[in-house]
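Asks: For reference, the file final-v5.pdb (PDB, C-alpha atoms) is included below:
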```pdb
ATOM      1  CA  MET J   1     105.500  83.536  79.739
ATOM      2  CA  ALA J   2     101.752  83.272  80.366
ATOM      3  CA  ARG J   3      99.680  85.653  78.325
ATOM      4  CA  SER J   4      96.803  87.713  79.604
ATOM      5  CA  LEU J   5      93.242  86.729  78.728
ATOM      6  CA  ARG J   6      93.094  89.663  76.303
ATOM      7  CA  GLU J   7      96.238  88.512  74.482
ATOM      8  CA  ARG J   8      94.989  84.933  74.246
ATOM      9  CA  ILE J   9      91.736  86.150  72.680
ATOM     10  CA  ALA J  10      93.731  88.190  70.166
ATOM     11  CA  GLN J  11      95.782  85.083  69.365
ATOM     12  CA  ARG J  12      92.638  83.043  68.749
ATOM     13  CA  ARG J  13      91.245  85.702  66.438
ATOM     14  CA  ALA J  14      94.468  85.734  64.436
ATOM     15  CA  GLU J  15      94.499  81.946  64.157
ATOM     16  CA  ALA J  16      90.857  81.934  63.065
ATOM     17  CA  GLY J  17      91.844  84.330  60.312
ATOM     18  CA  GLY J  18      94.568  81.975  59.070
ATOM     19  CA  GLY J  19      97.598  83.543  60.700
ATOM     20  CA  VAL J  20      99.537  83.173  63.937
ATOM     21  CA  LEU J  21     100.668  86.233  65.849
ATOM     22  CA  THR J  22     104.321  86.630  66.739
ATOM     23  CA  ASP J  23     105.155  87.906  70.223
ATOM     24  CA  GLU J  24     105.736  91.387  68.796
ATOM     25  CA  ALA J  25     102.468  91.356  66.861
ATOM     26  CA  ALA J  26     100.595  90.099  69.911
ATOM     27  CA  ASP J  27     102.020  92.974  71.948
ATOM     28  CA  GLU J  28     100.919  95.429  69.248
ATOM     29  CA  GLN J  29      97.459  93.868  69.178
ATOM     30  CA  SER J  30      97.260  94.113  72.963
ATOM     31  CA  ALA J  31      98.292  97.777  72.796
ATOM     32  CA  ASP J  32      95.629  98.422  70.148
ATOM     33  CA  ASP J  33      93.052  96.899  72.494
ATOM     34  CA  GLU J  34      93.837  99.531  75.134
ATOM     35  CA  SER J  35      90.850 101.587  74.053
ATOM     36  CA  PRO J  36      88.662 103.688  76.331
ATOM     37  CA  ALA J  37      86.250 101.659  78.464
ATOM     38  CA  GLU J  38      83.194 102.836  76.506
ATOM     39  CA  GLU J  39      84.553 101.310  73.280
ATOM     40  CA  LEU J  40      85.019  97.821  74.711
ATOM     41  CA  PRO J  41      82.241  95.209  74.742
ATOM     42  CA  GLY J  42      80.504  94.340  77.978
ATOM     43  CA  ASP J  43      80.250  96.184  81.295
ATOM     44  CA  TRP J  44      82.525  96.228  84.323
ATOM     45  CA  TYR J  45      81.336  94.543  87.525
ATOM     46  CA  VAL J  46      82.878  94.397  90.990
ATOM     47  CA  VAL J  47      83.383  90.920  92.442
ATOM     48  CA  HIS J  48      84.134  90.312  96.111
ATOM     49  CA  THR J  49      86.773  87.711  97.014
ATOM     50  CA  TYR J  50      88.241  86.179 100.121
ATOM     51  CA  SER J  51      90.951  88.432 101.537
ATOM     52  CA  GLY J  52      94.287  87.771  99.868
ATOM     53  CA  TYR J  53      92.730  85.671  97.082
ATOM     54  CA  GLU J  54      92.464  88.436  94.467
ATOM     55  CA  ASN J  55      95.241  87.156  92.170
ATOM     56  CA  LYS J  56      94.177  83.547  92.643
ATOM     57  CA  VAL J  57      90.607  84.434  91.665
ATOM     58  CA  ARG J  58      91.898  86.141  88.528
ATOM     59  CA  GLN J  59      93.882  83.014  87.592
ATOM     60  CA  ASN J  60      90.960  80.697  88.385
ATOM     61  CA  LEU J  61      88.491  82.787  86.406
ATOM     62  CA  ASP J  62      90.831  83.107  83.407
ATOM     63  CA  HIS J  63      91.144  79.309  83.406
ATOM     64  CA  ARG J  64      87.379  78.780  83.660
ATOM     65  CA  VAL J  65      86.732  81.242  80.829
ATOM     66  CA  ASP J  66      89.099  79.261  78.603
ATOM     67  CA  THR J  67      87.937  75.771  79.500
ATOM     68  CA  MET J  68      84.221  76.655  79.489
ATOM     69  CA  ASP J  69      84.486  78.574  76.196
ATOM     70  CA  MET J  70      83.188  81.846  77.659
ATOM     71  CA  THR J  71      85.524  84.248  75.858
ATOM     72  CA  ASP J  72      82.536  85.734  74.020
ATOM     73  CA  GLN J  73      80.900  86.791  77.309
ATOM     74  CA  ILE J  74      83.720  87.301  79.844
ATOM     75  CA  PHE J  75      86.510  89.457  78.431
ATOM     76  CA  GLU J  76      88.813  90.722  81.147
ATOM     77  CA  VAL J  77      89.647  90.211  84.824
ATOM     78  CA  VAL J  78      91.586  92.934  86.610
ATOM     79  CA  VAL J  79      93.050  93.198  90.107
ATOM     80  CA  PRO J  80      93.473  96.991  90.489
ATOM     81  CA  THR J  81      97.007  97.762  91.691
ATOM     82  CA  GLN J  82      99.324 100.738  91.843
ATOM     83  CA  GLU J  83     103.093 100.740  91.864
ATOM     84  CA  GLU J  84     104.646 102.226  94.983
ATOM     85  CA  VAL J  85     108.236 102.892  95.937
ATOM     86  CA  GLU J  86     108.724 101.767  99.514
ATOM     87  CA  ILE J  87     111.613 103.139 101.558
ATOM     88  CA  LYS J  88     113.108 100.615 103.976
ATOM     89  CA  SER J  89     116.508 100.821 105.657
ATOM     90  CA  GLY J  90     117.498 103.635 103.311
ATOM     91  CA  GLN J  91     116.743 101.647 100.148
ATOM     92  CA  ARG J  92     113.983 101.893  97.555
ATOM     93  CA  HIS J  93     111.851  98.834  96.824
ATOM     94  CA  SER J  94     109.228  98.759  94.072
ATOM     95  CA  VAL J  95     106.025  97.048  95.205
ATOM     96  CA  GLN J  96     102.536  96.554  93.772
ATOM     97  CA  ARG J  97      99.792  97.619  96.178
ATOM     98  CA  LYS J  98      96.204  96.460  95.733
ATOM     99  CA  VAL J  99      93.947  99.489  95.402
ATOM    100  CA  PHE J 100      90.832  97.605  96.585
ATOM    101  CA  PRO J 101      91.872  94.608  98.715
ATOM    102  CA  GLY J 102      89.251  91.860  98.530
ATOM    103  CA  TYR J 103      87.842  92.937  95.154
ATOM    104  CA  VAL J 104      88.464  92.283  91.448
ATOM    105  CA  LEU J 105      86.919  93.891  88.374
ATOM    106  CA  VAL J 106      85.391  91.777  85.614
ATOM    107  CA  ARG J 107      84.424  93.074  82.158
ATOM    108  CA  MET J 108      81.636  90.864  80.896
ATOM    109  CA  ILE J 109      78.234  90.580  79.280
ATOM    110  CA  MET J 110      75.881  89.722  82.130
ATOM    111  CA  SER J 111      73.774  86.618  81.558
ATOM    112  CA  ASP J 112      72.691  83.679  83.708
ATOM    113  CA  GLU J 113      75.556  81.629  82.282
ATOM    114  CA  SER J 114      78.294  84.235  82.720
ATOM    115  CA  TRP J 115      77.012  85.108  86.202
ATOM    116  CA  SER J 116      77.262  81.444  87.188
ATOM    117  CA  VAL J 117      80.812  81.085  85.805
ATOM    118  CA  VAL J 118      82.042  84.062  87.836
ATOM    119  CA  ARG J 119      79.999  83.389  90.968
ATOM    120  CA  ASN J 120      81.140  79.765  91.213
ATOM    121  CA  THR J 121      84.832  80.539  90.732
ATOM    122  CA  PRO J 122      86.852  79.346  93.765
ATOM    123  CA  GLY J 123      87.622  82.278  96.060
ATOM    124  CA  VAL J 124      84.655  84.402  94.921
ATOM    125  CA  THR J 125      82.079  85.311  97.565
ATOM    126  CA  GLY J 126      79.708  87.219  95.282
ATOM    127  CA  PHE J 127      79.046  90.250  93.132
ATOM    128  CA  VAL J 128      78.869  93.678  94.747
ATOM    129  CA  GLY J 129      75.411  95.226  94.532
ATOM    130  CA  THR J 130      72.226  95.749  96.472
ATOM    131  CA  THR J 131      69.899  94.053  94.004
ATOM    132  CA  ALA J 132      69.498  90.448  92.869
ATOM    133  CA  ARG J 133      70.948  91.483  89.510
ATOM    134  CA  PRO J 134      74.426  93.049  89.876
ATOM    135  CA  SER J 135      74.755  96.622  88.638
ATOM    136  CA  PRO J 136      77.731  97.575  86.436
ATOM    137  CA  LEU J 137      80.192 100.277  87.352
ATOM    138  CA  ALA J 138      79.778 103.710  85.767
ATOM    139  CA  ARG J 139      82.117 104.198  82.808
ATOM    140  CA  ASP J 140      83.852 107.225  84.331
ATOM    141  CA  GLU J 141      84.608 105.233  87.506
ATOM    142  CA  VAL J 142      86.227 102.493  85.435
ATOM    143  CA  GLU J 143      88.316 105.009  83.484
ATOM    144  CA  LYS J 144      89.687 106.543  86.696
ATOM    145  CA  ILE J 145      90.601 103.145  88.149
ATOM    146  CA  LEU J 146      92.321 101.880  85.003
ATOM    147  CA  LYS J 147      94.210 105.126  84.423
ATOM    148  CA  GLY J 148      95.350 105.119  88.052
ATOM    149  CA  MET J 149      96.946 101.712  87.497
ATOM    150  CA  HIS J 150      99.211 103.172  84.795
ATOM    151  CA  ALA J 151     100.343 106.376  86.490
ATOM    152  CA  GLU J 152     103.630 107.623  85.072
ATOM    153  CA  ALA J 153     105.314 108.168  88.434
ATOM    154  CA  PRO J 154     104.847 105.571  91.198
ATOM    155  CA  LYS J 155     103.746 106.770  94.597
ATOM    156  CA  VAL J 156     106.377 106.844  97.323
ATOM    157  CA  SER J 157     105.451 105.047 100.510
ATOM    158  CA  VAL J 158     107.365 105.780 103.707
ATOM    159  CA  THR J 159     106.870 104.849 107.320
ATOM    160  CA  LEU J 160     107.613 108.377 108.520
ATOM    161  CA  ALA J 161     105.123 110.551 110.370
ATOM    162  CA  LEU J 162     105.161 114.093 111.676
ATOM    163  CA  ASP J 163     107.186 114.528 114.908
ATOM    164  CA  ASP J 164     109.087 111.266 114.333
ATOM    165  CA  THR J 165     112.709 111.304 115.423
ATOM    166  CA  VAL J 166     115.019 110.447 112.534
ATOM    167  CA  ARG J 167     118.727 110.022 111.946
ATOM    168  CA  ILE J 168     120.266 111.505 108.821
ATOM    169  CA  ILE J 169     122.255 108.761 107.101
ATOM    170  CA  ASP J 170     123.558 110.535 104.003
ATOM    171  CA  GLY J 171     124.840 113.943 102.949
ATOM    172  CA  PRO J 172     126.604 116.762 104.811
ATOM    173  CA  PHE J 173     124.376 116.325 107.873
ATOM    174  CA  SER J 174     125.052 112.589 108.212
ATOM    175  CA  ASP J 175     124.644 111.233 111.770
ATOM    176  CA  PHE J 176     122.687 114.289 112.929
ATOM    177  CA  ARG J 177     119.313 113.634 114.493
ATOM    178  CA  GLY J 178     116.169 115.680 114.159
ATOM    179  CA  THR J 179     112.367 115.784 114.168
ATOM    180  CA  VAL J 180     110.146 115.411 111.103
ATOM    181  CA  ASP J 181     108.388 118.727 110.472
ATOM    182  CA  ASP J 182     106.891 118.128 107.004
ATOM    183  CA  ILE J 183     106.545 115.283 104.455
ATOM    184  CA  ASP J 184     106.220 115.914 100.710
ATOM    185  CA  HIS J 185     105.124 112.600  99.157
ATOM    186  CA  GLU J 186     104.922 114.006  95.621
ATOM    187  CA  ARG J 187     108.543 115.178  95.594
ATOM    188  CA  GLY J 188     109.864 112.425  97.860
ATOM    189  CA  LYS J 189     111.190 114.996 100.337
ATOM    190  CA  VAL J 190     111.062 115.371 104.099
ATOM    191  CA  LYS J 191     111.760 118.492 106.187
ATOM    192  CA  VAL J 192     113.665 117.750 109.372
ATOM    193  CA  LEU J 193     114.295 120.157 112.263
ATOM    194  CA  VAL J 194     117.943 119.718 113.212
ATOM    195  CA  SER J 195     119.580 121.369 116.208
ATOM    196  CA  PHE J 196     122.671 123.433 115.389
ATOM    197  CA  PHE J 197     124.376 125.403 118.183
ATOM    198  CA  GLY J 198     121.249 125.301 120.297
ATOM    199  CA  ARG J 199     118.901 126.400 117.502
ATOM    200  CA  GLU J 200     116.496 124.270 115.445
ATOM    201  CA  THR J 201     117.132 124.634 111.708
ATOM    202  CA  PRO J 202     114.876 123.129 109.010
ATOM    203  CA  VAL J 203     116.725 120.867 106.567
ATOM    204  CA  THR J 204     115.034 119.424 103.459
ATOM    205  CA  LEU J 205     116.189 115.913 102.586
ATOM    206  CA  ASP J 206     115.348 113.045 100.275
ATOM    207  CA  PHE J 207     113.480 110.102 101.822
ATOM    208  CA  LEU J 208     116.593 107.993 101.243
ATOM    209  CA  GLN J 209     118.677 110.288 103.421
ATOM    210  CA  VAL J 210     116.831 109.649 106.664
ATOM    211  CA  GLU J 211     116.037 106.691 108.863
ATOM    212  CA  ARG J 212     113.363 106.621 111.535
ATOM    213  CA  GLU J 213     114.680 105.797 114.961
ATOM    214  CA  VAL J 214     112.791 103.142 116.852
TER     215      VAL J 214
END
```
Please re-express this file's structure in structure tokens.
Replies:
Amino acid sequence: MARSLRERIAQRRAEAGGGVLTDEAADEQSADDESPAEELPGDWYVVHTYSGYENKVRQNLDHRVDTMDMTDQIFEVVVPTQEEVEIKSGQRHSVQRKVFPGYVLVRMIMSDESWSVVRNTPGVTGFVGTTARPSPLARDEVEKILKGMHAEAPKVSVTLALDDTVRIIDGPFSDFRGTVDDIDHERGKVKVLVSFFGRETPVTLDFLQVEREV
């Protein structure tokens, strides 16, 4: 399995010291490297890419850093993503959503050489900034982005909207139809107004228990 740029750097350091890291030791080293942004060398910069090329740019830049021996100036390339649970046809699907489509983050020491390596990577259109010299992101901004990528509970993404007509597909109210009155994304619940004996009654259900009618 391909290692991240950070893990490959850790491997090189271990080999330079006369030892070779096992997979377990490399994982421990990588975990140790998960220090706050202010403790890591370099600054974080935002790089603009062609739409849909974010992961390809990360791969291309990782390769260029290795082959051009720039590991002492370019340390990390990140495509900010968040895990979401998508509800489709009554089933949960885990997906990775890009937080900032068209952008990647690069932790690096800015110099003419490192700027050129990043700027001339296939798929990159330029650094984000209003001046000739790109400005780094504020440390607190970086912390928020990186922490958001490792949220304990993934966000739940549904295609429901208020006033949608839905069919209940599970539970005691199965096959009843109703109107969406409220959506609780944090709890993964939806309140549906269902008609019983001529009266609308609110019923709280899990996202998996309803299906939007087209």
Asks: Compare J:Pro172, J:Pro122, J:Gly198, J:Pro134 by their minimum atom-to-atom distance to His63 (chain J), counting only C-alpha atoms, and give me the closest one.
Replies: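 So, comparing all the options, the nearest one is J:Pro122.
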Asks: Taking 6 positions as the minimum chain separation for residues in the same chain, which residues sit within 6 Å of region 200-207 of chain J when counting only C-alpha atoms? Answer as a compact mmCIF listing (two decimals) with C-alpha atoms, keeping the file's coordinate frame.
Replies:
```txt
# COMPACT_ATOMS: atom_id res chain seq x y z
CA GLY J 188 109.86 112.42 97.86
CA LYS J 189 111.19 115.00 100.34
CA VAL J 190 111.06 115.37 104.10
CA LYS J 191 111.76 118.49 106.19
CA VAL J 192 113.66 117.75 109.37
CA LEU J 193 114.30 120.16 112.26
CA VAL J 194 117.94 119.72 113.21
```
Asks: Output, as AutoDock Vina command-line options, the centre and edge lengths in Å (one decimal) of the axis-aligned box that contains all listed atoms of region 69-81 of chain J with 4 Å of margin on each side.
Replies:
```
--center_x 89.0 --center_y 88.2 --center_z 82.9 --size_x 24.1 --size_y 27.2 --size_z 25.7
```
Asks: Mind checking which residues fall within 10 Å of His48 (chain J), counting only C-alpha atoms, ignoring those fewer than 3 positions away in the same chain, and posting them as a list of chain:residue names?
Replies: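 Non-adjacent residues within range: J:Tyr45, J:Ser51, J:Tyr53, J:Glu54, J:Val57, J:Phe100, J:Pro101, J:Gly102, J:Tyr103, J:Val104, J:Leu105, J:Arg119, J:Gly123, J:Val124, J:Thr125, J:Gly126, J:Phe127, J:Val128.
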Asks: Please provide as an NGL selection string all residues within 7 Å of region 67-83 of chain J, with the sequence filter that same-chain residues fewer than 6 positions apart are discarded (counting all atoms listed in the file).
Replies: :J and (5-6 or 54-55 or 58 or 94-100 or 104-109 or 114 or 149 or 154-155)
Asks: Please indicate the distance in Å from CA of Arg64 (chain J) to CA of Asn120 (chain J), rounded to one decimal place.
Replies: 9.8 Å
Asks: Compare J:Asp43, J:Asp62, J:Asp163, J:Glu213 by their minimum atom-to-atom distance to Arg177 (chain J), counting all atoms listed in the file, and give me the closest one.
Replies: J:Glu213
Asks: Could you tell me how far CA of Val118 (chain J) lies from CA of Val47 (chain J), in Å and to one decimal?
Replies: 8.4 Å
Asks: May I ask which of the residues J:Val214, J:Gly148, J:Thr179, J:Asn60 is the closest one to Ser195 (chain J), counting all atoms listed in the file?
Replies: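 Smallest separation from Ser195 (chain J) among the options: J:Thr179.
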